[in-house]
$ cat final-v2.cif   # mmCIF, C-alpha atoms
data_query
loop_
_atom_site.label_atom_id
_atom_site.label_comp_id
_atom_site.auth_asym_id
_atom_site.auth_seq_id
_atom_site.Cartn_x
_atom_site.Cartn_y
_atom_site.Cartn_z
CA MET A 1 139.44 -7.32 79.91
CA ARG A 2 142.60 -6.45 81.78
CA ASP A 3 144.57 -7.43 78.67
CA ILE A 4 143.35 -4.36 76.75
CA THR A 5 146.48 -2.23 76.28
CA ILE A 6 145.00 0.69 74.30
CA GLY A 7 144.88 3.66 76.66
CA GLN A 8 147.11 2.08 79.31
CA TYR A 9 150.47 3.62 80.22
CA TYR A 10 153.45 1.51 81.26
CA GLN A 11 155.65 3.45 83.68
CA THR A 12 159.37 3.04 83.11
CA ASP A 13 162.41 5.05 82.04
CA SER A 14 163.40 4.46 78.44
CA LEU A 15 164.47 6.34 75.35
CA VAL A 16 161.03 5.98 73.78
CA HIS A 17 159.29 7.25 76.93
CA ARG A 18 161.47 10.37 76.92
CA LEU A 19 160.72 11.27 73.31
CA ASP A 20 158.45 14.19 72.54
CA PRO A 21 154.83 13.01 72.11
CA ARG A 22 154.70 14.76 68.73
CA VAL A 23 157.49 12.49 67.53
CA LYS A 24 155.62 9.38 68.66
CA LEU A 25 152.36 10.57 67.11
CA PHE A 26 154.15 11.28 63.84
CA TRP A 27 155.92 7.90 64.02
CA THR A 28 152.59 6.12 64.51
CA LEU A 29 151.03 7.94 61.54
CA MET A 30 153.97 7.22 59.23
CA TYR A 31 154.14 3.62 60.43
CA ILE A 32 150.45 3.05 59.61
CA VAL A 33 150.80 4.69 56.19
CA GLY A 34 153.93 2.67 55.51
CA LEU A 35 152.17 -0.60 56.30
CA PHE A 36 149.50 0.09 53.68
CA VAL A 37 151.92 1.49 51.09
CA ALA A 38 154.45 -1.35 51.28
CA GLY A 39 152.20 -4.36 50.78
CA ASN A 40 154.96 -6.91 50.15
CA ILE A 41 157.15 -9.28 52.10
CA ALA A 42 160.15 -6.92 52.09
CA GLY A 43 158.05 -4.08 53.53
CA TYR A 44 156.54 -6.29 56.21
CA ALA A 45 159.98 -7.62 57.14
CA MET A 46 161.35 -4.08 57.57
CA SER A 47 158.26 -3.04 59.54
CA THR A 48 158.65 -6.04 61.83
CA ILE A 49 162.35 -5.39 62.46
CA PHE A 50 161.67 -1.71 63.13
CA LEU A 51 158.84 -2.59 65.53
CA ILE A 52 161.02 -5.09 67.41
CA VAL A 53 163.75 -2.47 67.82
CA VAL A 54 161.24 0.09 69.15
CA ILE A 55 159.83 -2.44 71.63
CA ARG A 56 163.31 -3.23 72.91
CA LEU A 57 164.14 0.47 73.28
CA SER A 58 160.85 1.15 75.08
CA LYS A 59 161.65 -1.46 77.77
CA VAL A 60 157.99 -2.54 77.73
CA PRO A 61 157.73 -6.32 78.30
CA VAL A 62 156.81 -8.20 75.15
CA LYS A 63 154.16 -10.07 77.14
CA LYS A 64 152.55 -6.74 78.04
CA VAL A 65 152.51 -5.64 74.41
CA LEU A 66 151.13 -8.91 73.05
CA SER A 67 148.55 -9.31 75.81
CA GLY A 68 146.39 -6.69 74.10
CA LEU A 69 145.95 -9.02 71.12
CA LYS A 70 143.82 -11.42 73.17
CA SER A 71 140.90 -9.01 73.24
CA ILE A 72 140.83 -8.64 69.44
CA CYS A 73 141.48 -12.26 68.43
CA PHE A 74 137.90 -12.51 67.13
CA ILE A 75 138.42 -9.52 64.84
CA LEU A 76 141.65 -11.00 63.49
CA VAL A 77 140.08 -14.40 62.87
CA PHE A 78 136.96 -12.87 61.30
CA SER A 79 139.02 -10.64 59.00
CA GLY A 80 141.21 -13.54 57.93
CA VAL A 81 138.32 -15.93 57.25
CA PHE A 82 136.28 -13.26 55.44
CA THR A 83 139.23 -12.39 53.20
CA LEU A 84 139.98 -16.06 52.58
CA LEU A 85 136.43 -16.96 51.50
CA PHE A 86 135.64 -13.90 49.37
CA THR A 87 138.94 -13.33 47.54
CA GLY A 88 138.93 -14.87 44.11
CA GLY A 89 141.91 -15.94 42.06
CA GLU A 90 143.17 -18.07 39.24
CA LYS A 91 144.52 -20.93 41.39
CA VAL A 92 141.27 -22.19 42.91
CA LEU A 93 141.60 -24.93 45.55
CA GLY A 94 137.90 -25.40 46.30
CA GLU A 95 134.44 -23.92 45.86
CA TRP A 96 131.22 -24.21 47.84
CA TRP A 97 128.10 -22.09 47.29
CA ILE A 98 129.30 -18.46 47.17
CA PHE A 99 132.64 -19.21 48.85
CA THR A 100 135.89 -19.74 46.98
CA ILE A 101 139.23 -20.78 48.40
CA SER A 102 142.23 -19.95 46.25
CA VAL A 103 145.96 -19.55 46.64
CA GLU A 104 145.56 -15.80 46.18
CA GLY A 105 142.89 -15.76 48.90
CA ILE A 106 145.12 -17.60 51.35
CA LEU A 107 148.01 -15.20 50.71
CA LYS A 108 145.69 -12.19 51.02
CA ALA A 109 144.21 -13.51 54.29
CA VAL A 110 147.66 -14.08 55.81
CA GLU A 111 148.72 -10.61 54.68
CA MET A 112 145.58 -9.02 56.16
CA VAL A 113 145.99 -10.69 59.57
CA TYR A 114 149.70 -9.94 59.78
CA ARG A 115 149.16 -6.32 58.77
CA LEU A 116 146.50 -5.91 61.47
CA LEU A 117 148.87 -7.45 64.03
CA LEU A 118 151.64 -5.00 63.14
CA LEU A 119 149.16 -2.12 63.14
CA LEU A 120 147.72 -2.92 66.57
CA VAL A 121 151.08 -3.62 68.21
CA GLY A 122 152.59 -0.44 66.78
CA SER A 123 149.63 1.66 67.97
CA SER A 124 149.72 0.13 71.45
CA ILE A 125 153.42 1.05 71.80
CA MET A 126 152.47 4.70 71.42
CA THR A 127 149.87 4.57 74.22
CA LEU A 128 152.04 2.37 76.45
CA THR A 129 154.91 4.87 76.33
CA THR A 130 152.90 8.12 76.37
CA THR A 131 150.57 9.41 79.08
CA PRO A 132 147.11 10.68 78.04
CA THR A 133 148.15 14.19 79.07
CA ASP A 134 151.21 14.08 76.82
CA ILE A 135 149.08 12.74 73.96
CA ALA A 136 146.67 15.67 74.36
CA ASP A 137 149.55 18.17 74.53
CA GLY A 138 151.22 16.64 71.48
CA LEU A 139 148.01 16.72 69.44
CA GLU A 140 147.28 20.30 70.46
CA LYS A 141 150.80 21.44 69.61
CA ALA A 142 150.93 19.55 66.32
CA PHE A 143 147.59 20.88 65.08
CA SER A 144 147.94 24.36 66.58
CA PRO A 145 148.01 26.06 63.10
CA LEU A 146 144.39 24.93 62.63
CA ARG A 147 143.32 27.43 65.30
CA TYR A 148 143.68 30.19 62.75
CA ILE A 149 140.75 28.72 60.79
CA LYS A 150 138.59 28.54 63.94
CA ILE A 151 139.01 24.80 64.62
CA PRO A 152 138.88 24.07 68.40
CA VAL A 153 142.18 22.19 68.54
CA HIS A 154 142.48 22.28 72.34
CA GLU A 155 138.96 20.95 72.88
CA ILE A 156 139.47 18.12 70.38
CA ALA A 157 142.79 17.15 71.99
CA MET A 158 141.15 17.24 75.43
CA MET A 159 138.34 14.93 74.29
CA ILE A 160 140.84 12.44 72.85
CA SER A 161 142.85 12.54 76.08
CA ILE A 162 139.74 11.94 78.20
CA ALA A 163 138.71 9.06 75.93
CA PHE A 164 142.12 7.38 76.35
CA ARG A 165 141.98 7.98 80.10
CA PHE A 166 138.51 6.43 80.38
CA ILE A 167 139.41 3.16 78.63
CA PRO A 168 141.35 1.52 81.52
CA ILE A 169 138.89 2.99 84.05
CA LEU A 170 135.89 1.45 82.26
CA VAL A 171 137.74 -1.85 81.82
CA GLU A 172 138.39 -2.00 85.55
CA GLU A 173 134.77 -1.03 86.27
CA ALA A 174 133.51 -3.76 83.93
CA ASP A 175 135.71 -6.31 85.69
CA LYS A 176 134.27 -5.32 89.09
CA ILE A 177 130.69 -5.48 87.81
CA MET A 178 131.31 -8.87 86.21
CA LYS A 179 132.70 -10.28 89.47
CA ALA A 180 129.74 -8.86 91.39
CA GLN A 181 127.29 -10.42 88.92
CA LYS A 182 129.09 -13.78 89.14
CA ALA A 183 128.81 -13.63 92.93
CA ARG A 184 125.04 -13.27 92.45
CA GLY A 185 124.90 -16.36 90.22
CA ALA A 186 125.31 -14.84 86.75
CA ASP A 187 126.87 -17.11 84.13
CA PHE A 188 128.90 -15.46 81.35
CA GLU A 189 130.69 -18.57 80.06
CA SER A 190 128.26 -21.40 79.22
CA GLY A 191 125.79 -21.57 76.34
CA GLY A 192 125.87 -20.47 72.73
CA ILE A 193 126.48 -17.06 71.23
CA ILE A 194 122.89 -15.87 71.75
CA LYS A 195 122.86 -16.93 75.39
CA LYS A 196 126.21 -15.29 76.03
CA ALA A 197 124.97 -12.09 74.39
CA LYS A 198 121.88 -12.06 76.61
CA SER A 199 124.00 -12.69 79.70
CA MET A 200 125.95 -9.51 78.95
CA ILE A 201 122.90 -7.30 79.52
CA PRO A 202 123.31 -7.31 83.35
CA LEU A 203 126.89 -6.16 82.70
CA LEU A 204 126.29 -3.50 80.05
CA VAL A 205 123.46 -1.64 81.77
CA PRO A 206 125.32 -0.81 85.02
CA LEU A 207 128.51 -0.15 83.01
CA LEU A 208 126.67 2.39 80.85
CA ILE A 209 125.18 4.06 83.92
CA SER A 210 128.61 4.17 85.57
CA ALA A 211 130.19 5.71 82.44
CA ILE A 212 127.53 8.43 82.28
CA LYS A 213 127.94 9.15 86.01
CA ARG A 214 131.73 9.43 85.66
CA ALA A 215 131.35 11.75 82.67
CA MET A 216 128.93 13.99 84.61
CA ASP A 217 131.26 14.06 87.63
CA LEU A 218 134.17 15.03 85.38
CA ALA A 219 132.11 17.79 83.73
CA ASN A 220 131.05 19.15 87.14
CA ALA A 221 134.64 19.08 88.38
CA MET A 222 135.84 21.01 85.30
CA GLU A 223 133.05 23.56 85.76
CA ALA A 224 133.87 23.96 89.46
CA ARG A 225 137.48 24.76 88.53
CA CYS A 226 136.33 27.35 85.95
CA TYR A 227 137.72 25.44 83.00
CA ARG A 228 137.19 27.49 79.83
CA GLY A 229 139.32 25.89 77.13
CA GLY A 230 142.80 26.55 75.80
CA ASP A 231 142.86 30.30 75.16
CA GLY A 232 145.44 31.94 77.41
CA ARG A 233 146.29 28.72 79.25
CA THR A 234 149.92 27.88 79.98
CA LYS A 235 151.60 24.48 80.27
CA MET A 236 153.33 23.21 83.37
CA LYS A 237 155.68 21.22 81.11
CA PRO A 238 156.00 22.97 77.72
CA LEU A 239 156.96 20.68 74.86
CA LYS A 240 160.46 21.30 73.54
CA TYR A 241 162.35 19.27 70.96
CA LYS A 242 165.64 17.70 71.98
CA LYS A 243 168.46 16.18 69.97
CA ALA A 244 166.97 12.68 70.27
CA ASP A 245 163.69 13.96 68.81
CA TYR A 246 165.36 15.34 65.68
CA VAL A 247 167.30 12.10 65.25
CA SER A 248 164.04 10.17 65.59
CA TYR A 249 162.44 12.24 62.81
CA VAL A 250 165.36 11.41 60.52
CA ILE A 251 165.07 7.68 61.33
CA ILE A 252 161.34 7.74 60.67
CA PHE A 253 161.81 9.37 57.27
CA VAL A 254 164.53 6.88 56.34
CA VAL A 255 162.34 3.91 57.29
CA PHE A 256 159.36 5.35 55.42
CA ILE A 257 161.43 5.97 52.27
CA ALA A 258 162.81 2.42 52.55
CA LEU A 259 159.25 1.05 52.71
CA ILE A 260 158.23 2.99 49.61
CA GLY A 261 161.43 1.90 47.86
CA SER A 262 160.73 -1.75 48.64
CA ASN A 263 157.26 -1.39 47.14
CA ILE A 264 158.66 0.12 43.93
CA ILE A 265 161.35 -2.55 43.62
CA MET A 266 158.95 -5.43 44.25
CA ASN A 267 156.27 -4.13 41.88
CA GLU A 268 158.26 -2.69 38.97
CA VAL A 269 161.63 -4.45 39.01
CA LEU A 270 160.90 -7.99 40.17
CA GLY A 271 157.37 -8.20 38.78
CA TRP A 272 154.04 -9.59 39.93
CA GLU A 273 155.02 -13.26 39.52
CA VAL A 274 157.88 -12.92 42.03
CA ILE A 275 155.58 -11.10 44.43
CA MET A 276 153.07 -13.95 44.35
CA LEU A 277 155.82 -16.47 45.01
CA LEU A 278 157.03 -14.40 47.98
#
$ encode --input "final-v2.cif" --output "C-alpha cells"
Amino acid sequence: MRDITIGQYYQTDSLVHRLDPRVKLFWTLMYIVGLFVAGNIAGYAMSTIFLIVVIRLSKVPVKKVLSGLKSICFILVFSGVFTLLFTGGEKVLGEWWIFTISVEGILKAVEMVYRLLLLLVGSSIMTLTTTPTDIADGLEKAFSPLRYIKIPVHEIAMMISIAFRFIPILVEEADKIMKAQKARGADFESGGIIKKAKSMIPLLVPLLISAIKRAMDLANAMEARCYRGGDGRTKMKPLKYKKADYVSYVIIFVVFIALIGSNIIMNEVLGWEVIMLL
C-alpha cells in the first residue's frame, strides 16, 4: 500500500517542481491525449523519451516513480489478457471456445499495457512534483472563466485537492489497521481469492469508519474557521507565469504536434502493412 504514488508529493528542488501547476496540468492533459492519438511505435518512442527527460529533470528517483506500478499490476495484467483473448485478426495462432489468440491480438495487448504504463507514470509525475494545494490553485485558475456561467470552480478544485490529500492518509491508515489485525491473528495472505476477499472485511469496515470520521472532522474544522468558498478570497502565493513556464508551453506544443505528425506519417505515408510489422 505504501507503493501507491498517486496523491503523494516528493519534496525536492527541481525545474519541474518550480513550474506553474497550470503548466503541469496542461502537460498531463496533452500527454494523455497524445498517447491515444499517436497509436504507433514512433509515437510511443517519442512519448517514452519525453517522459524519461521529464523524470530526470524532476529529480524524482526512478524507483519512487515505478513503485506505484506494483499496486496496479493486476489491472495491467487483466487488461493485457482481456485484449489478447478477445481481439480477432487474420493471423490466428489458436482458438478455444470463445477465445482467439492472433498476431493482431498480441500486438494490441502489448500496445494496451505499454500505453497504460506510460499513462500512469506520466500522471504520477504530476502529483509527485505538485502539492495538493498547488493542484487546487492551478485548477481554479485554469477554469476560472467557468465562474461566469455559475459553475463552482473553487469548490470543485477544493474537492479534488482534498481527495488527493486523503489518498496517502487513507493508505497509511489502512497499513496501521492491517498491522493491528495481523497482531490479533488475522490472515490476509493464505487461501484463495474468495478467502482473501472475506479476510479484507475486518480491514475495510474500520477504514470506512475512519474515512468518514476524518471527513466530518475536516468539515467541522472548515466550519469553525468560517470557510465560505472562493468569493473574495485572496491567495498567499498568487500564481504567476515565469519564463520557464512559457518555454514549457512551447515544448509541450512541439511534442504534441510531433506525435500527431508521427501518426499521419505512419498511417498515410508508410501504410497499414508497415505499421503491423512495427
$ resolve_selection --input "final-v2.cif" --expression "the PyMOL selection byres ((chain A and resi 241) around 12)" --output "PyMOL selection string"
chain A and resi 18-23+138+141+238-240+242-249
$ resolve_selection --input "final-v2.cif" --expression "the PyMOL selection byres ((chain A and resi 140) around 12)" --output "MDAnalysis selection string"
chainID A and resid 21:22 25 133:139 141:147 151:161 229:231 235 238:239
$ atom_distance --input "final-v2.cif" --atom1 "CA of Tyr114 (chain A)" --atom2 "CA of Leu35 (chain A)"
10.3 Å
$ resolve_selection --input "final-v2.cif" --expression "the PyMOL selection byres ((chain A and resi 46) around 10)" --output "PyMOL selection string"
chain A and resi 35+38+41-45+47-52+255-256+258-259+262
$ residues_around --input "final-v2.cif" --residues "Ile125 (chain A)" --least-positions-apart "3" --cutoff "9 Å" --atoms "all atoms listed in the file" --output "JSON list (two decimals) with C-alpha atoms, in the frame of the given file"
[["chain", "number", "residue", "atom", "x", "y", "z"],
["A", 5, "THR", "CA", 146.48, -2.23, 76.28],
["A", 6, "ILE", "CA", 145.00, 0.69, 74.30],
["A", 28, "THR", "CA", 152.59, 6.12, 64.51],
["A", 54, "VAL", "CA", 161.24, 0.09, 69.15],
["A", 55, "ILE", "CA", 159.83, -2.44, 71.63],
["A", 58, "SER", "CA", 160.85, 1.15, 75.08],
["A", 60, "VAL", "CA", 157.99, -2.54, 77.73],
["A", 65, "VAL", "CA", 152.51, -5.64, 74.41],
["A", 120, "LEU", "CA", 147.72, -2.92, 66.57],
["A", 121, "VAL", "CA", 151.08, -3.62, 68.21],
["A", 122, "GLY", "CA", 152.59, -0.44, 66.78],
["A", 128, "LEU", "CA", 152.04, 2.37, 76.45],
["A", 129, "THR", "CA", 154.91, 4.87, 76.33],
["A", 130, "THR", "CA", 152.90, 8.12, 76.37]]
$ closest_residue --input "final-v2.cif" --among "A:Thr83, A:Asn40, A:Ile252, A:Gln11" --to "Ile265 (chain A)" --atoms "only C-alpha atoms"
A:Asn40
$ build_atoms --input "final-v2.cif" --residues "region 232-248 of chain A" --atoms "N, CA and C atoms" --output "mmCIF file, keeping the file's coordinate frame"
data_model
loop_
_atom_site.group_PDB
_atom_site.id
_atom_site.type_symbol
_atom_site.label_atom_id
_atom_site.label_comp_id
_atom_site.auth_asym_id
_atom_site.auth_seq_id
_atom_site.Cartn_x
_atom_site.Cartn_y
_atom_site.Cartn_z
ATOM 1 N N GLY A 232 144.749 31.311 76.295
ATOM 2 C CA GLY A 232 145.440 31.940 77.410
ATOM 3 C C GLY A 232 145.984 30.987 78.456
ATOM 4 N N ARG A 233 145.800 29.685 78.272
ATOM 5 C CA ARG A 233 146.290 28.720 79.250
ATOM 6 C C ARG A 233 147.772 28.440 79.001
ATOM 7 N N THR A 234 148.495 28.210 80.066
ATOM 8 C CA THR A 234 149.920 27.880 79.980
ATOM 9 C C THR A 234 150.134 26.424 80.377
ATOM 10 N N LYS A 235 151.281 25.870 79.984
ATOM 11 C CA LYS A 235 151.600 24.480 80.270
ATOM 12 C C LYS A 235 152.599 24.395 81.423
ATOM 13 N N MET A 236 152.377 23.431 82.301
ATOM 14 C CA MET A 236 153.330 23.210 83.370
ATOM 15 C C MET A 236 154.633 22.635 82.811
ATOM 16 N N LYS A 237 154.515 21.806 81.764
ATOM 17 C CA LYS A 237 155.680 21.220 81.110
ATOM 18 C C LYS A 237 155.583 21.490 79.613
ATOM 19 N N PRO A 238 156.071 22.649 79.152
ATOM 20 C CA PRO A 238 156.000 22.970 77.720
ATOM 21 C C PRO A 238 156.815 21.965 76.889
ATOM 22 N N LEU A 239 156.289 21.632 75.736
ATOM 23 C CA LEU A 239 156.960 20.680 74.860
ATOM 24 C C LEU A 239 158.103 21.359 74.123
ATOM 25 N N LYS A 240 159.289 20.785 74.222
ATOM 26 C CA LYS A 240 160.460 21.300 73.540
ATOM 27 C C LYS A 240 161.232 20.136 72.917
ATOM 28 N N TYR A 241 161.591 20.310 71.643
ATOM 29 C CA TYR A 241 162.350 19.270 70.960
ATOM 30 C C TYR A 241 163.777 19.190 71.507
ATOM 31 N N LYS A 242 164.261 17.955 71.593
ATOM 32 C CA LYS A 242 165.640 17.700 71.980
ATOM 33 C C LYS A 242 166.376 17.032 70.822
ATOM 34 N N LYS A 243 167.646 16.774 71.030
ATOM 35 C CA LYS A 243 168.460 16.180 69.970
ATOM 36 C C LYS A 243 167.920 14.808 69.575
ATOM 37 N N ALA A 244 167.499 14.018 70.566
ATOM 38 C CA ALA A 244 166.970 12.680 70.270
ATOM 39 C C ALA A 244 165.699 12.752 69.427
ATOM 40 N N ASP A 245 164.910 13.811 69.592
ATOM 41 C CA ASP A 245 163.690 13.960 68.810
ATOM 42 C C ASP A 245 164.002 14.213 67.336
ATOM 43 N N TYR A 246 164.982 15.068 67.072
ATOM 44 C CA TYR A 246 165.360 15.340 65.680
ATOM 45 C C TYR A 246 165.944 14.091 65.027
ATOM 46 N N VAL A 247 166.755 13.348 65.779
ATOM 47 C CA VAL A 247 167.300 12.100 65.250
ATOM 48 C C VAL A 247 166.178 11.110 64.939
ATOM 49 N N SER A 248 165.172 11.071 65.801
ATOM 50 C CA SER A 248 164.040 10.170 65.590
ATOM 51 C C SER A 248 163.281 10.525 64.313
#
